[in-house]
Each structure stands twice: as structure tokens, then as C-alpha cells.
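Trainee: Just one file: upload-v8.pdb, with PDB, C-alpha atoms, pLDDT in the B column.
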```
ATOM      1  CA  MET A 536     111.407 119.713  90.852  1.00 95.00           C
ATOM      2  CA  TYR A 537     111.779 115.963  91.029  1.00 98.00           C
ATOM      3  CA  GLU A 538     110.041 113.847  88.419  1.00 98.00           C
ATOM      4  CA  LEU A 539     109.027 110.373  89.603  1.00 98.00           C
ATOM      5  CA  TYR A 540     108.242 107.831  86.903  1.00 98.00           C
ATOM      6  CA  ILE A 541     105.874 105.089  88.005  1.00 98.00           C
ATOM      7  CA  ALA A 542     103.643 102.468  86.381  1.00 98.00           C
ATOM      8  CA  ASN A 543     100.010 101.432  86.916  1.00 98.00           C
ATOM      9  CA  LYS A 544      98.997 102.139  90.496  1.00 98.00           C
ATOM     10  CA  ASN A 545      96.822  99.045  90.587  1.00 98.00           C
ATOM     11  CA  TYR A 546      99.826  96.774  90.071  1.00 98.00           C
ATOM     12  CA  SER A 547     103.162  98.508  90.644  1.00 98.00           C
ATOM     13  CA  SER A 548     104.314  97.771  94.173  1.00 98.00           C
ATOM     14  CA  TRP A 549     107.826  99.017  93.444  1.00 98.00           C
ATOM     15  CA  SER A 550     106.471 102.369  92.252  1.00 98.00           C
ATOM     16  CA  LEU A 551     104.409 102.784  95.403  1.00 98.00           C
ATOM     17  CA  ARG A 552     107.379 102.851  97.754  1.00 98.00           C
ATOM     18  CA  PRO A 553     109.100 106.148  96.803  1.00 98.00           C
ATOM     19  CA  TRP A 554     105.769 107.719  95.797  1.00 99.00           C
ATOM     20  CA  LEU A 555     104.321 107.013  99.256  1.00 99.00           C
ATOM     21  CA  LEU A 556     107.451 108.214 101.019  1.00 98.00           C
ATOM     22  CA  MET A 557     107.555 111.481  99.107  1.00 98.00           C
ATOM     23  CA  LYS A 558     103.842 112.139  99.573  1.00 98.00           C
ATOM     24  CA  GLU A 559     103.866 111.458 103.315  1.00 98.00           C
ATOM     25  CA  LEU A 560     107.012 113.544 103.872  1.00 98.00           C
ATOM     26  CA  ASN A 561     105.705 116.378 101.681  1.00 98.00           C
ATOM     27  CA  ILE A 562     108.616 116.190  99.265  1.00 98.00           C
ATOM     28  CA  PRO A 563     107.360 117.920  96.096  1.00 98.00           C
ATOM     29  CA  PHE A 564     107.535 116.005  92.827  1.00 98.00           C
ATOM     30  CA  THR A 565     105.847 115.668  89.471  1.00 98.00           C
ATOM     31  CA  GLU A 566     104.259 112.275  88.866  1.00 98.00           C
ATOM     32  CA  ARG A 567     104.920 110.640  85.508  1.00 98.00           C
ATOM     33  CA  LEU A 568     102.717 107.571  85.118  1.00 98.00           C
ATOM     34  CA  GLU A 569     103.664 105.205  82.305  1.00 98.00           C
ATOM     35  CA  ARG A 570     101.364 102.212  81.926  1.00 97.00           C
ATOM     36  CA  PHE A 571     102.627  98.661  81.480  1.00 97.00           C
ATOM     37  CA  THR A 572     102.664  97.518  77.849  1.00 94.00           C
ATOM     38  CA  ASP A 573     103.807  94.505  75.858  1.00 91.00           C
ATOM     39  CA  ASP A 574     106.827  96.534  74.725  1.00 93.00           C
ATOM     40  CA  THR A 575     109.520  95.447  77.175  1.00 85.00           C
ATOM     41  CA  THR A 576     111.782  98.313  76.100  1.00 94.00           C
ATOM     42  CA  ALA A 577     109.217 101.111  76.546  1.00 95.00           C
ATOM     43  CA  PHE A 578     110.501 102.222  79.931  1.00 97.00           C
ATOM     44  CA  ARG A 579     114.039 102.583  78.605  1.00 97.00           C
ATOM     45  CA  ARG A 580     113.024 106.044  77.415  1.00 97.00           C
ATOM     46  CA  PHE A 581     113.297 107.326  80.979  1.00 98.00           C
ATOM     47  CA  SER A 582     114.901 104.512  83.009  1.00 98.00           C
ATOM     48  CA  PRO A 583     118.350 103.014  82.295  1.00 97.00           C
ATOM     49  CA  SER A 584     117.176  99.657  83.698  1.00 97.00           C
ATOM     50  CA  GLY A 585     113.896  99.733  81.809  1.00 97.00           C
ATOM     51  CA  ARG A 586     112.065  99.445  85.118  1.00 97.00           C
ATOM     52  CA  VAL A 587     110.070 101.625  87.490  1.00 98.00           C
ATOM     53  CA  PRO A 588     110.296 103.554  89.699  1.00 98.00           C
ATOM     54  CA  CYS A 589     112.772 106.035  88.328  1.00 98.00           C
ATOM     55  CA  LEU A 590     113.534 109.462  89.790  1.00 98.00           C
ATOM     56  CA  HIS A 591     114.792 112.354  87.670  1.00 98.00           C
ATOM     57  CA  ASP A 592     116.430 115.266  89.443  1.00 98.00           C
ATOM     58  CA  GLY A 593     117.538 117.483  86.609  1.00 98.00           C
ATOM     59  CA  ALA A 594     120.304 115.583  84.843  1.00 98.00           C
ATOM     60  CA  THR A 595     120.571 113.022  87.651  1.00 98.00           C
ATOM     61  CA  VAL A 596     118.646 109.784  87.169  1.00 98.00           C
ATOM     62  CA  VAL A 597     118.094 107.319  90.039  1.00 98.00           C
ATOM     63  CA  TYR A 598     116.404 104.114  88.962  1.00 97.00           C
ATOM     64  CA  ASP A 599     115.885 101.756  91.904  1.00 96.00           C
ATOM     65  CA  SER A 600     113.467 102.153  94.816  1.00 98.00           C
ATOM     66  CA  LEU A 601     116.112 101.669  97.511  1.00 98.00           C
ATOM     67  CA  ALA A 602     118.568 103.921  95.684  1.00 98.00           C
ATOM     68  CA  ILE A 603     115.859 106.571  95.384  1.00 98.00           C
ATOM     69  CA  VAL A 604     115.246 106.407  99.129  1.00 98.00           C
ATOM     70  CA  GLU A 605     118.938 106.874  99.896  1.00 98.00           C
ATOM     71  CA  TYR A 606     119.198 109.717  97.382  1.00 98.00           C
ATOM     72  CA  LEU A 607     116.277 111.481  99.035  1.00 98.00           C
ATOM     73  CA  ALA A 608     117.703 110.843 102.506  1.00 98.00           C
ATOM     74  CA  GLU A 609     120.788 112.866 101.571  1.00 98.00           C
ATOM     75  CA  ARG A 610     118.563 115.835 100.743  1.00 98.00           C
ATOM     76  CA  HIS A 611     115.527 115.702 103.047  1.00 98.00           C
ATOM     77  CA  PRO A 612     115.036 115.100 106.784  1.00 98.00           C
ATOM     78  CA  GLY A 613     112.792 112.344 108.047  1.00 98.00           C
ATOM     79  CA  VAL A 614     113.492 109.679 105.433  1.00 98.00           C
ATOM     80  CA  TRP A 615     115.252 107.624 108.112  1.00 98.00           C
ATOM     81  CA  PRO A 616     114.848 107.831 111.910  1.00 98.00           C
ATOM     82  CA  GLN A 617     117.232 110.096 113.801  1.00 97.00           C
ATOM     83  CA  ASP A 618     117.952 107.468 116.458  1.00 98.00           C
ATOM     84  CA  ASP A 619     120.954 105.331 115.479  1.00 98.00           C
ATOM     85  CA  ALA A 620     119.461 101.998 116.550  1.00 98.00           C
ATOM     86  CA  ALA A 621     116.112 102.699 114.905  1.00 98.00           C
ATOM     87  CA  ARG A 622     117.809 103.866 111.729  1.00 98.00           C
ATOM     88  CA  ALA A 623     119.988 100.751 111.535  1.00 98.00           C
ATOM     89  CA  TRP A 624     116.986  98.475 112.100  1.00 98.00           C
ATOM     90  CA  ALA A 625     114.894 100.347 109.536  1.00 98.00           C
ATOM     91  CA  ARG A 626     117.603  99.993 106.907  1.00 98.00           C
ATOM     92  CA  CYS A 627     117.893  96.265 107.592  1.00 98.00           C
ATOM     93  CA  ALA A 628     114.126  95.772 107.305  1.00 98.00           C
ATOM     94  CA  CYS A 629     114.004  97.767 104.050  1.00 98.00           C
ATOM     95  CA  ALA A 630     116.872  95.743 102.593  1.00 98.00           C
ATOM     96  CA  GLU A 631     115.165  92.483 103.584  1.00 98.00           C
ATOM     97  CA  MET A 632     111.931  93.582 101.938  1.00 98.00           C
ATOM     98  CA  HIS A 633     113.808  94.769  98.866  1.00 97.00           C
ATOM     99  CA  SER A 634     115.652  91.493  98.313  1.00 97.00           C
ATOM    100  CA  GLY A 635     113.381  88.852  99.845  1.00 97.00           C
ATOM    101  CA  PHE A 636     109.822  87.632 100.342  1.00 98.00           C
ATOM    102  CA  PHE A 637     109.800  86.013  96.903  1.00 97.00           C
ATOM    103  CA  THR A 638     106.822  83.746  97.548  1.00 98.00           C
ATOM    104  CA  LEU A 639     104.711  86.591  98.908  1.00 98.00           C
ATOM    105  CA  ARG A 640     105.548  88.644  95.821  1.00 96.00           C
ATOM    106  CA  GLY A 641     104.982  85.780  93.404  1.00 95.00           C
ATOM    107  CA  ASN A 642     101.826  84.287  94.905  1.00 96.00           C
ATOM    108  CA  CYS A 643     100.196  87.546  95.941  1.00 98.00           C
ATOM    109  CA  GLY A 644     100.998  90.091  93.269  1.00 97.00           C
ATOM    110  CA  MET A 645      99.729  93.574  94.049  1.00 98.00           C
ATOM    111  CA  ASN A 646      96.296  94.199  92.543  1.00 98.00           C
ATOM    112  CA  CYS A 647      94.656  96.903  94.638  1.00 98.00           C
ATOM    113  CA  GLY A 648      91.184  96.675  93.141  1.00 98.00           C
ATOM    114  CA  LEU A 649      90.547  92.962  93.544  1.00 98.00           C
ATOM    115  CA  ARG A 650      89.540  90.750  96.438  1.00 98.00           C
ATOM    116  CA  VAL A 651      90.886  87.242  96.033  1.00 98.00           C
ATOM    117  CA  ARG A 652      90.479  83.953  97.881  1.00 98.00           C
ATOM    118  CA  LEU A 653      93.808  82.139  97.683  1.00 98.00           C
ATOM    119  CA  HIS A 654      93.796  78.579  96.401  1.00 97.00           C
ATOM    120  CA  GLU A 655      96.184  77.607  99.203  1.00 97.00           C
ATOM    121  CA  ILE A 656      98.633  78.926 101.762  1.00 97.00           C
ATOM    122  CA  SER A 657     101.816  77.031 100.951  1.00 97.00           C
ATOM    123  CA  ASP A 658     104.528  76.483 103.536  1.00 98.00           C
ATOM    124  CA  ALA A 659     106.715  79.007 101.729  1.00 98.00           C
ATOM    125  CA  LEU A 660     103.982  81.642 101.711  1.00 98.00           C
ATOM    126  CA  ARG A 661     103.219  80.967 105.364  1.00 98.00           C
ATOM    127  CA  ALA A 662     106.906  81.466 106.167  1.00 98.00           C
ATOM    128  CA  ASP A 663     106.942  84.832 104.375  1.00 98.00           C
ATOM    129  CA  LEU A 664     103.786  85.981 106.163  1.00 98.00           C
ATOM    130  CA  ASP A 665     105.197  84.882 109.517  1.00 98.00           C
ATOM    131  CA  ARG A 666     108.420  86.776 108.847  1.00 98.00           C
ATOM    132  CA  VAL A 667     106.501  89.926 107.904  1.00 98.00           C
ATOM    133  CA  GLU A 668     104.593  89.752 111.157  1.00 97.00           C
ATOM    134  CA  GLU A 669     107.768  89.043 113.108  1.00 98.00           C
ATOM    135  CA  LEU A 670     109.447  92.126 111.638  1.00 98.00           C
ATOM    136  CA  TRP A 671     106.447  94.357 112.224  1.00 98.00           C
ATOM    137  CA  THR A 672     106.065  93.164 115.810  1.00 98.00           C
ATOM    138  CA  GLU A 673     109.755  93.645 116.520  1.00 98.00           C
ATOM    139  CA  GLY A 674     109.816  97.183 115.183  1.00 98.00           C
ATOM    140  CA  ILE A 675     106.665  98.335 116.935  1.00 98.00           C
ATOM    141  CA  GLU A 676     107.588  96.764 120.273  1.00 97.00           C
ATOM    142  CA  ARG A 677     111.232  97.832 120.178  1.00 98.00           C
ATOM    143  CA  PHE A 678     110.731 101.443 119.099  1.00 98.00           C
ATOM    144  CA  GLY A 679     107.315 102.145 120.595  1.00 98.00           C
ATOM    145  CA  GLY A 680     105.164 102.541 117.478  1.00 97.00           C
ATOM    146  CA  PRO A 681     102.788 103.352 116.044  1.00 97.00           C
ATOM    147  CA  PHE A 682     105.087 103.086 113.005  1.00 98.00           C
ATOM    148  CA  LEU A 683     107.794 100.496 112.562  1.00 98.00           C
ATOM    149  CA  ALA A 684     110.748 102.603 113.690  1.00 98.00           C
ATOM    150  CA  GLY A 685     109.018 104.909 116.153  1.00 98.00           C
ATOM    151  CA  ASP A 686     106.338 107.561 116.232  1.00 98.00           C
ATOM    152  CA  ARG A 687     106.993 108.935 112.730  1.00 98.00           C
ATOM    153  CA  PHE A 688     106.393 107.471 109.290  1.00 98.00           C
ATOM    154  CA  CYS A 689     109.653 106.858 107.428  1.00 98.00           C
ATOM    155  CA  ALA A 690     111.171 104.812 104.611  1.00 98.00           C
ATOM    156  CA  VAL A 691     110.678 101.445 106.272  1.00 98.00           C
ATOM    157  CA  ASP A 692     106.925 102.037 106.470  1.00 98.00           C
ATOM    158  CA  ALA A 693     106.870 103.052 102.807  1.00 98.00           C
ATOM    159  CA  PHE A 694     108.614  99.819 101.859  1.00 98.00           C
ATOM    160  CA  PHE A 695     105.878  97.761 103.490  1.00 98.00           C
ATOM    161  CA  GLY A 696     103.015  99.770 101.974  1.00 98.00           C
ATOM    162  CA  PRO A 697     102.586  97.218  99.165  1.00 98.00           C
ATOM    163  CA  VAL A 698     102.276  94.426 101.743  1.00 98.00           C
ATOM    164  CA  ALA A 699      99.341  96.258 103.326  1.00 98.00           C
ATOM    165  CA  PHE A 700      97.588  96.294  99.946  1.00 98.00           C
ATOM    166  CA  ARG A 701      98.365  92.592  99.487  1.00 98.00           C
ATOM    167  CA  LEU A 702      96.826  91.749 102.855  1.00 98.00           C
ATOM    168  CA  GLN A 703      93.733  93.734 101.889  1.00 98.00           C
ATOM    169  CA  THR A 704      93.434  91.959  98.530  1.00 98.00           C
ATOM    170  CA  TYR A 705      94.118  88.359  99.549  1.00 98.00           C
ATOM    171  CA  GLN A 706      93.102  88.369 103.242  1.00 97.00           C
ATOM    172  CA  PRO A 707      95.617  85.700 104.294  1.00 97.00           C
ATOM    173  CA  PRO A 708      95.448  84.613 107.931  1.00 95.00           C
ATOM    174  CA  VAL A 709      97.763  86.864 109.949  1.00 96.00           C
ATOM    175  CA  GLY A 710      97.722  87.946 113.560  1.00 96.00           C
ATOM    176  CA  HIS A 711      96.378  91.015 115.303  1.00 95.00           C
ATOM    177  CA  VAL A 712      99.607  93.008 115.130  1.00 94.00           C
ATOM    178  CA  ALA A 713      99.930  92.560 111.379  1.00 95.00           C
ATOM    179  CA  ASN A 714      96.294  93.401 110.711  1.00 97.00           C
ATOM    180  CA  ARG A 715      96.404  96.480 112.913  1.00 97.00           C
ATOM    181  CA  TYR A 716      99.609  97.831 111.365  1.00 98.00           C
ATOM    182  CA  ALA A 717      98.410  97.102 107.820  1.00 98.00           C
ATOM    183  CA  GLN A 718      95.225  99.020 108.585  1.00 98.00           C
ATOM    184  CA  ARG A 719      97.285 101.928 109.918  1.00 98.00           C
ATOM    185  CA  LEU A 720      99.127 102.097 106.602  1.00 98.00           C
ATOM    186  CA  LEU A 721      95.922 101.833 104.596  1.00 98.00           C
ATOM    187  CA  GLU A 722      94.508 104.816 106.499  1.00 98.00           C
ATOM    188  CA  LEU A 723      97.391 107.109 105.554  1.00 98.00           C
ATOM    189  CA  PRO A 724      96.218 109.948 103.277  1.00 98.00           C
ATOM    190  CA  ALA A 725      98.742 109.029 100.588  1.00 98.00           C
ATOM    191  CA  MET A 726      97.734 105.357 100.648  1.00 99.00           C
ATOM    192  CA  LYS A 727      94.088 106.372 100.282  1.00 98.00           C
ATOM    193  CA  GLN A 728      94.982 108.575  97.320  1.00 98.00           C
ATOM    194  CA  TRP A 729      96.992 105.801  95.637  1.00 99.00           C
ATOM    195  CA  TYR A 730      94.138 103.341  96.177  1.00 98.00           C
ATOM    196  CA  ALA A 731      91.502 105.713  94.803  1.00 98.00           C
ATOM    197  CA  ASP A 732      93.647 106.387  91.735  1.00 98.00           C
ATOM    198  CA  ALA A 733      94.245 102.658  91.232  1.00 98.00           C
ATOM    199  CA  LEU A 734      90.524 101.911  91.223  1.00 98.00           C
ATOM    200  CA  GLN A 735      89.932 104.534  88.532  1.00 98.00           C
ATOM    201  CA  GLU A 736      92.596 103.316  86.101  1.00 98.00           C
ATOM    202  CA  PRO A 737      90.935 102.267  82.811  1.00 94.00           C
ATOM    203  CA  TRP A 738      93.609  99.702  81.911  1.00 95.00           C
ATOM    204  CA  ARG A 739      94.200  96.004  82.466  1.00 96.00           C
ATOM    205  CA  ASP A 740      97.550  94.278  82.041  1.00 96.00           C
ATOM    206  CA  ALA A 741      97.159  90.666  80.953  1.00 95.00           C
ATOM    207  CA  GLU A 742     100.253  89.341  82.712  1.00 95.00           C
ATOM    208  CA  HIS A 743      99.312  90.841  86.069  1.00 96.00           C
ATOM    209  CA  GLU A 744      95.724  89.684  85.734  1.00 97.00           C
ATOM    210  CA  GLU A 745      96.814  86.123  84.903  1.00 96.00           C
ATOM    211  CA  ASP A 746      99.096  86.025  87.945  1.00 95.00           C
ATOM    212  CA  VAL A 747      96.114  86.694  90.191  1.00 96.00           C
ATOM    213  CA  LEU A 748      94.059  83.902  88.615  1.00 95.00           C
ATOM    214  CA  LEU A 749      96.910  81.466  89.238  1.00 95.00           C
ATOM    215  CA  ALA A 750      96.966  82.473  92.902  1.00 96.00           C
ATOM    216  CA  GLY A 751      93.278  82.330  93.732  1.00 98.00           C
ATOM    217  CA  LYS A 752      89.657  82.997  92.875  1.00 98.00           C
ATOM    218  CA  VAL A 753      88.500  86.582  92.340  1.00 98.00           C
ATOM    219  CA  ILE A 754      85.534  87.217  94.613  1.00 98.00           C
ATOM    220  CA  ASP A 755      85.168  90.960  93.974  1.00 98.00           C
ATOM    221  CA  ASP A 756      86.439  93.524  91.475  1.00 98.00           C
ATOM    222  CA  LEU A 757      86.149  97.093  92.742  1.00 98.00           C
ATOM    223  CA  ARG A 758      87.839  98.741  89.785  1.00 98.00           C
ATOM    224  CA  ARG A 759      86.308 101.074  87.236  1.00 95.00           C
ATOM    225  CA  PRO A 760      84.709  98.906  84.527  1.00 92.00           C
ATOM    226  CA  LEU A 761      86.538  98.642  81.246  1.00 84.00           C
TER     227      LEU A 761
END
```
Do you think you could lay out the structure here as C-alpha cells?
Mentor:
Amino acid sequence: MYELYIANKNYSSWSLRPWLLMKELNIPFTERLERFTDDTTAFRRFSPSGRVPCLHDGATVVYDSLAIVEYLAERHPGVWPQDDAARAWARCACAEMHSGFFTLRGNCGMNCGLRVRLHEISDALRADLDRVEELWTEGIERFGGPFLAGDRFCAVDAFFGPVAFRLQTYQPPVGHVANRYAQRLLELPAMKQWYADALQEPWRDAEHEEDVLLAGKVIDDLRRPL
């Protein structure tokens, strides 16, 4: 059986992507949660890059979220859409999410259990939010919805799962399409499970917590008390 190494569910957006995909597609795996620590080499025990997520399949180790998706796609149906045009678009959108949206990542780090009022919406953040909404609108309108590449959840939806949590945490101003699609993701059984687990984690990571305070004012903390 696959072993998927992830980090704190409250913070680790990269871990969420393959975890969500595998849960929603009913691909069996064993979860290995390793919490963030001050030891920057700790994850090297199981990940050649020292980062999460990392998938172990026997002696084979796959250590990047996009690489994990492609590895799974070679072995399981439904990871990508069957339609050629939808599949090509979904891969492009995943690659853009994987390598872009730096301001959204930096200013709105994933912290599932908090509600935060942003200090400001910079031009760069506004541009990232607009591009997210543009992509989501294009996919839903072009392929018919309710998911981004058609009527079935696939890898491109998993890649935007962390954005749905960010919209829930920071409540930036976005349009109806973005809010509706984000809510659709948040209602997925696997997203609900991840969220519930995140709220129950008994740990805090100082670096992630400090990032939030730089971005805005915490107006609610729904997590299990320390």
C-alpha cells in the first residue's frame, strides 16, 4: 500500500493536494503525518528533498506534489479527465498553481483554524486573486462544471483545495463564481475530514503563526486550545 508523508494539516497546503486527490478517488494509502519542527533536516528521513508531501510505493519514492499526481495517473483512472481538451487544460492549470501565485501563497499562508482580517489587499495579491477567479470561471464555463474540468473531481480540483481554505481563512473580496466553487470544495467529504483533523492538532509552528500575524489581524481561532 502507498504511504503518503505529510505535515501539519493546519498549515501544509502542499501536503493537502495528493492527500485530497487520493481520498476523493478512493486510492488506498497509509497516512504518515510528520509535524513541522525547527530541525530543517528532519524530513530527510523519508523525503530526498527534505520536503512534504512524499509518496512511498515500496522502494519507489516520489517527492513532489505534481510528480505524485503524475505517478498516480499512470496507475489509477480518474486522476486526469478523459477528454483531451479538458485534460490539457487541467494540466496547464495545475502547473500554473504549482509554479505561480507567489503573493497569494506568501500573504495568505494556509492556516485552516484561523479567521483573519487582512491588513491590505495589495495590487499583487489582487492580481493573484483575479487570476484564480479567471481560471476557475474558464474551467467551469468551458467544461460544464461543477468541477473545473467537467462533472468529476480530478487533480486540478485537488491542486486548488488549499486556495479554498485560504479564502475561508482570510475572506478576501472575490466574485460569486470563486466563492461558489470554493464552497463546493469545502463541502467535499475529504476536505471536511482534513479540516476537522486540522482543528484538533495540538501543535503550533512559530514560523507559520508569525506569517499570519504579518498578513492580518486574527479575529477568531477555532483550533483546539494548546
Trainee: Run the PyMOL selection byres ((chain A and resi 631-642) around 7) on the file and write out the hits as a list in words.
Mentor: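 So the PyMOL selection byres ((chain A and resi 631-642) around 7) ends up selecting Cys627, Ala628, Cys629, Ala630, Cys643, Gly644, Ala659, Leu660, Asp663 and Ala750 of chain A.
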Trainee: Between A:Gly710, A:Lys752, A:Leu664, A:Pro588, which residue has the minimum interatomic distance to Val698 of chain A, considering only C-alpha atoms?
Mentor: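 Of A:Gly710, A:Lys752, A:Leu664, A:Pro588, the one nearest Val698 of chain A is A:Leu664, counting only C-alpha atoms.
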Trainee: Could you check which of A:Gly679, A:Ala625, A:Val709, A:Leu761 is closest to Asp740 of chain A, using only C-alpha atoms?
Mentor: A:Leu761
Trainee: I'd like to know which of A:Glu744, A:Glu609, A:Glu668, A:Glu736 is closest to Tyr716 of chain A, using all atoms listed in the file.
Mentor: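 Checking each of A:Glu744, A:Glu609, A:Glu668, A:Glu736 against Tyr716 of chain A, counting all atoms listed in the file, the winner is A:Glu668.
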Trainee: I'd like to see the residues matched by the PyMOL selection byres ((chain A and resi 719-734) around 10) on this file, and ideally I'd get them as an mmCIF file with C-alpha atoms, keeping the file's coordinate frame.
Mentor:
```cif
data_model
loop_
_atom_site.group_PDB
_atom_site.id
_atom_site.type_symbol
_atom_site.label_atom_id
_atom_site.label_comp_id
_atom_site.auth_asym_id
_atom_site.auth_seq_id
_atom_site.Cartn_x
_atom_site.Cartn_y
_atom_site.Cartn_z
ATOM 1 C CA ASN A 543 100.010 101.432 86.916
ATOM 2 C CA LYS A 544 98.997 102.139 90.496
ATOM 3 C CA ASN A 545 96.822 99.045 90.587
ATOM 4 C CA TYR A 546 99.826 96.774 90.071
ATOM 5 C CA SER A 547 103.162 98.508 90.644
ATOM 6 C CA LEU A 551 104.409 102.784 95.403
ATOM 7 C CA TRP A 554 105.769 107.719 95.797
ATOM 8 C CA LEU A 555 104.321 107.013 99.256
ATOM 9 C CA LEU A 556 107.451 108.214 101.019
ATOM 10 C CA MET A 557 107.555 111.481 99.107
ATOM 11 C CA LYS A 558 103.842 112.139 99.573
ATOM 12 C CA GLU A 559 103.866 111.458 103.315
ATOM 13 C CA LEU A 560 107.012 113.544 103.872
ATOM 14 C CA ASN A 646 96.296 94.199 92.543
ATOM 15 C CA CYS A 647 94.656 96.903 94.638
ATOM 16 C CA GLY A 648 91.184 96.675 93.141
ATOM 17 C CA LEU A 649 90.547 92.962 93.544
ATOM 18 C CA PRO A 681 102.788 103.352 116.044
ATOM 19 C CA PHE A 682 105.087 103.086 113.005
ATOM 20 C CA PHE A 688 106.393 107.471 109.290
ATOM 21 C CA ASP A 692 106.925 102.037 106.470
ATOM 22 C CA ALA A 693 106.870 103.052 102.807
ATOM 23 C CA PHE A 695 105.878 97.761 103.490
ATOM 24 C CA GLY A 696 103.015 99.770 101.974
ATOM 25 C CA PRO A 697 102.586 97.218 99.165
ATOM 26 C CA VAL A 698 102.276 94.426 101.743
ATOM 27 C CA ALA A 699 99.341 96.258 103.326
ATOM 28 C CA PHE A 700 97.588 96.294 99.946
ATOM 29 C CA GLN A 703 93.733 93.734 101.889
ATOM 30 C CA ALA A 713 99.930 92.560 111.379
ATOM 31 C CA ASN A 714 96.294 93.401 110.711
ATOM 32 C CA ARG A 715 96.404 96.480 112.913
ATOM 33 C CA TYR A 716 99.609 97.831 111.365
ATOM 34 C CA ALA A 717 98.410 97.102 107.820
ATOM 35 C CA GLN A 718 95.225 99.020 108.585
ATOM 36 C CA GLN A 735 89.932 104.534 88.532
ATOM 37 C CA GLU A 736 92.596 103.316 86.101
ATOM 38 C CA PRO A 737 90.935 102.267 82.811
ATOM 39 C CA TRP A 738 93.609 99.702 81.911
ATOM 40 C CA ASP A 756 86.439 93.524 91.475
ATOM 41 C CA LEU A 757 86.149 97.093 92.742
ATOM 42 C CA ARG A 758 87.839 98.741 89.785
ATOM 43 C CA ARG A 759 86.308 101.074 87.236
ATOM 44 C CA PRO A 760 84.709 98.906 84.527
#
```
Trainee: Could you tell me how far atom CA of Met645 of chain A sits from atom CA of Glu676 of chain A, in Å to one decimal place?
Mentor: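 Taking atom CA of Glu676 of chain A and atom CA of Met645 of chain A, their separation equals 27.6 Å.
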Trainee: Quick one: apply the PyMOL selection byres ((chain A and resi 597-604) around 8) to the file and drop the selected residues here as a list in words.
Mentor: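 On this input, the PyMOL selection byres ((chain A and resi 597-604) around 8) captures Trp549, Ser550, Arg552, Pro553, Ser582, Pro583, Ser584, Arg586, Val587, Pro588, Cys589, Leu590, His591, Thr595, Val596, Glu605, Tyr606, Leu607, Ala608, Val614, Cys629, Ala630, His633 and Ala690 of chain A.
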